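Let me begin by presenting the structure, written as structure tokens, before commenting on it.
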Amino acid sequence: MRIIIKKITMKKLYVIALLLTILVVPAFGQTMKGYVYDQETNEPLAGVNITYKRLTGETDGTVSNADGFYQISVPAGGVDLLFSYIGYENEMVPIVINRNETKTRDIRMRVKANLLGDVVVSAGRFEQKLSDVTVSMDLLKAEDISKQAPTDLSTTLNAMPGVDINDKQPSIRGGNGWTYGVGS
């Protein structure tokens, strides 16, 4: 009976040792940590994405906290950390880290300025650049007119921006003259 109890206890001891090994070994893995700052103002950046690709192709990562601090477990060897943040240029940081090593590295990110191109306005059947359009135009579709259920055309035109109807005569964008006869 004592031999059976010792075998059960030894099995439990081996299981416990194995579980502790599995749970404790990752805690001694490779760690990269530091702070992320704005390059110009030296203010910490909260919410910066820090990612890397594993050999399997999966992406792993973390996010910097409110103080700009980050800490990420990485595989031993070489890995490229990508720091990305909206409004800032992405920073690719190659690191080489040995087993059970912890490295500290602060990152300074530069502001990225994006200039928008010209707006293309369709003032007719063909697209035109904004600089090529000489008059302002607004399109009134038949669907829009039917949705309003107007009694006459003047109520529909009065709903358009820049058009005023006075005594059934249209005045476009505050023009100083009246076009008599058009309202009828």
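Labels used: A, B, ... for chains in the order of the structure tokens, numbers from 1 for residues in each chain, and numbers from 1 for ligands as shown.
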
Residues within 6 Å of range 79-83 of chain A, only C-alpha atoms, excluding chain neighbours under 2 positions, as a PDB file with all heavy atoms, in the first residue's frame:
```pdb
ATOM      1  N   ASN A  49       1.546  51.601 -31.256  1.00  0.00           N
ATOM      2  CA  ASN A  49       1.544  50.166 -31.546  1.00  0.00           C
ATOM      3  C   ASN A  49       2.968  49.694 -31.772  1.00  0.00           C
ATOM      4  O   ASN A  49       3.677  50.256 -32.605  1.00  0.00           O
ATOM      5  CB  ASN A  49       0.707  49.864 -32.787  1.00  0.00           C
ATOM      6  CG  ASN A  49      -0.753  50.136 -32.559  1.00  0.00           C
ATOM      7  OD1 ASN A  49      -1.314  49.704 -31.568  1.00  0.00           O
ATOM      8  ND2 ASN A  49      -1.360  50.860 -33.475  1.00  0.00           N
ATOM      9  N   ILE A  50       3.368  48.649 -31.047  1.00  0.00           N
ATOM     10  CA  ILE A  50       4.682  48.038 -31.212  1.00  0.00           C
ATOM     11  C   ILE A  50       4.444  46.595 -31.639  1.00  0.00           C
ATOM     12  O   ILE A  50       3.850  45.826 -30.886  1.00  0.00           O
ATOM     13  CB  ILE A  50       5.510  48.092 -29.906  1.00  0.00           C
ATOM     14  CG1 ILE A  50       5.684  49.541 -29.450  1.00  0.00           C
ATOM     15  CG2 ILE A  50       6.866  47.447 -30.105  1.00  0.00           C
ATOM     16  CD1 ILE A  50       4.859  49.921 -28.303  1.00  0.00           C
ATOM     17  N   THR A  51       4.874  46.239 -32.856  1.00  0.00           N
ATOM     18  CA  THR A  51       4.599  44.911 -33.385  1.00  0.00           C
ATOM     19  C   THR A  51       5.847  44.309 -34.012  1.00  0.00           C
ATOM     20  O   THR A  51       6.801  45.016 -34.345  1.00  0.00           O
ATOM     21  CB  THR A  51       3.493  44.951 -34.456  1.00  0.00           C
ATOM     22  OG1 THR A  51       3.890  45.831 -35.505  1.00  0.00           O
ATOM     23  CG2 THR A  51       2.177  45.416 -33.882  1.00  0.00           C
ATOM     24  N   TYR A  52       5.812  42.985 -34.185  1.00  0.00           N
ATOM     25  CA  TYR A  52       6.821  42.268 -34.946  1.00  0.00           C
ATOM     26  C   TYR A  52       6.175  41.022 -35.526  1.00  0.00           C
ATOM     27  O   TYR A  52       5.144  40.574 -35.049  1.00  0.00           O
ATOM     28  CB  TYR A  52       8.037  41.903 -34.082  1.00  0.00           C
ATOM     29  CG  TYR A  52       7.756  40.859 -33.029  1.00  0.00           C
ATOM     30  CD1 TYR A  52       7.956  39.510 -33.298  1.00  0.00           C
ATOM     31  CD2 TYR A  52       7.291  41.230 -31.770  1.00  0.00           C
ATOM     32  CE1 TYR A  52       7.689  38.557 -32.329  1.00  0.00           C
ATOM     33  CE2 TYR A  52       7.030  40.279 -30.808  1.00  0.00           C
ATOM     34  CZ  TYR A  52       7.230  38.949 -31.089  1.00  0.00           C
ATOM     35  OH  TYR A  52       6.950  38.004 -30.144  1.00  0.00           O
ATOM     36  N   ASN A  90       6.312  55.819 -39.249  1.00  0.00           N
ATOM     37  CA  ASN A  90       6.610  54.512 -38.671  1.00  0.00           C
ATOM     38  C   ASN A  90       8.113  54.394 -38.435  1.00  0.00           C
ATOM     39  O   ASN A  90       8.909  54.851 -39.249  1.00  0.00           O
ATOM     40  CB  ASN A  90       6.148  53.389 -39.587  1.00  0.00           C
ATOM     41  CG  ASN A  90       4.644  53.294 -39.662  1.00  0.00           C
ATOM     42  OD1 ASN A  90       3.924  53.900 -38.872  1.00  0.00           O
ATOM     43  ND2 ASN A  90       4.154  52.540 -40.619  1.00  0.00           N
ATOM     44  N   GLU A  91       8.470  53.773 -37.324  1.00  0.00           N
ATOM     45  CA  GLU A  91       9.876  53.543 -36.995  1.00  0.00           C
ATOM     46  C   GLU A  91      10.118  52.042 -36.975  1.00  0.00           C
ATOM     47  O   GLU A  91       9.483  51.317 -36.217  1.00  0.00           O
ATOM     48  CB  GLU A  91      10.221  54.130 -35.621  1.00  0.00           C
ATOM     49  CG  GLU A  91      10.119  55.636 -35.529  1.00  0.00           C
ATOM     50  CD  GLU A  91      11.225  56.353 -36.268  1.00  0.00           C
ATOM     51  OE1 GLU A  91      12.327  55.786 -36.398  1.00  0.00           O
ATOM     52  OE2 GLU A  91      10.970  57.470 -36.734  1.00  0.00           O
ATOM     53  N   MET A  92      11.041  51.569 -37.796  1.00  0.00           N
ATOM     54  CA  MET A  92      11.440  50.166 -37.808  1.00  0.00           C
ATOM     55  C   MET A  92      12.755  50.066 -37.045  1.00  0.00           C
ATOM     56  O   MET A  92      13.747  50.695 -37.419  1.00  0.00           O
ATOM     57  CB  MET A  92      11.611  49.667 -39.240  1.00  0.00           C
ATOM     58  CG  MET A  92      11.959  48.213 -39.342  1.00  0.00           C
ATOM     59  SD  MET A  92      10.616  47.113 -38.924  1.00  0.00           S
ATOM     60  CE  MET A  92       9.623  47.243 -40.383  1.00  0.00           C
ATOM     61  N   VAL A  93      12.751  49.282 -35.965  1.00  0.00           N
ATOM     62  CA  VAL A  93      13.930  49.160 -35.110  1.00  0.00           C
ATOM     63  C   VAL A  93      14.395  47.705 -35.113  1.00  0.00           C
ATOM     64  O   VAL A  93      13.745  46.843 -34.521  1.00  0.00           O
ATOM     65  CB  VAL A  93      13.605  49.617 -33.665  1.00  0.00           C
ATOM     66  CG1 VAL A  93      14.821  49.472 -32.779  1.00  0.00           C
ATOM     67  CG2 VAL A  93      13.084  51.037 -33.663  1.00  0.00           C
ATOM     68  N   PRO A  94      15.523  47.414 -35.779  1.00  0.00           N
ATOM     69  CA  PRO A  94      16.050  46.048 -35.731  1.00  0.00           C
ATOM     70  C   PRO A  94      16.770  45.811 -34.408  1.00  0.00           C
ATOM     71  O   PRO A  94      17.548  46.659 -33.960  1.00  0.00           O
ATOM     72  CB  PRO A  94      17.019  46.005 -36.910  1.00  0.00           C
ATOM     73  CG  PRO A  94      17.394  47.420 -37.163  1.00  0.00           C
ATOM     74  CD  PRO A  94      16.270  48.283 -36.671  1.00  0.00           C
ATOM     75  N   ILE A  95      16.490  44.668 -33.782  1.00  0.00           N
ATOM     76  CA  ILE A  95      17.171  44.339 -32.524  1.00  0.00           C
ATOM     77  C   ILE A  95      17.685  42.903 -32.602  1.00  0.00           C
ATOM     78  O   ILE A  95      17.126  42.068 -33.289  1.00  0.00           O
ATOM     79  CB  ILE A  95      16.258  44.498 -31.289  1.00  0.00           C
ATOM     80  CG1 ILE A  95      15.063  43.558 -31.387  1.00  0.00           C
ATOM     81  CG2 ILE A  95      15.822  45.909 -31.087  1.00  0.00           C
ATOM     82  CD1 ILE A  95      14.355  43.364 -30.074  1.00  0.00           C
TER      83      ILE A  95
END
```

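When CA of Ser154 in chain A is paired with CA of Asp167 in chain A, their separation reads 9.6 Å.
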
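One finds CA of Thr56 in chain A at 25.7 Å from CA of Arg105 in chain A.
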
- request: Would you kindly return, as an NGL selection string, each protein, DNA or RNA residue with an atom no farther than 6 Å from any atom of Lys33 in chain A, considering only C-alpha atoms and excluding same-chain residues fewer than 2 positions away?
  value: :A and (70-71 or 104)

message: Quick one: residues within 9 Å of Gly87 in chain A, only C-alpha atoms, excluding same-chain residues fewer than 3 positions away - as a PyMOL selection string?
response: chain A and resi 110-114

Resulting file, chosen residues, C-alpha atoms, as a PDB file, in the first residue's frame:
```pdb
ATOM      1  CA  ARG A 110       8.790  62.139 -35.925  1.00  0.00           C
ATOM      2  CA  VAL A 111       5.569  63.891 -36.890  1.00  0.00           C
ATOM      3  CA  LYS A 112       4.373  63.020 -40.389  1.00  0.00           C
ATOM      4  CA  ALA A 113       2.755  65.733 -42.489  1.00  0.00           C
ATOM      5  CA  ASN A 114       0.424  64.618 -45.259  1.00  0.00           C
TER       6      ASN A 114
END
```

Nearest-residue call for Asn98 in chain A, choices A:Ala159, A:Leu55, A:Ala66, A:Val74, using only C-alpha atoms: A:Val74

field: Those in range 41-102 of chain A with strand (DSSP E) from DSSP, as a PyMOL selection string
entry: chain A and resi 49-53+59-63+69-74+77-84+91-97+102

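Using only C-alpha atoms, the nearest neighbour of Tyr88 in chain A within the list A:Gln39, A:Thr151, A:Asn158, A:Gln30 is A:Gln39.
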
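Shortest atom-to-atom contact with Pro44 in chain A among A:Glu101, A:Asp60, A:Asp106, A:Glu89: A:Asp106, counting only C-alpha atoms.
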
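Restricting the calculation to only C-alpha atoms, the smallest distance between Gly68 in chain A and any of A:Ile86, A:Val96, A:Leu45, A:Ile107 is found for A:Leu45.
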
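When CA of Ala46 in chain A is paired with CA of Ser64 in chain A, their separation reads 5.5 Å.
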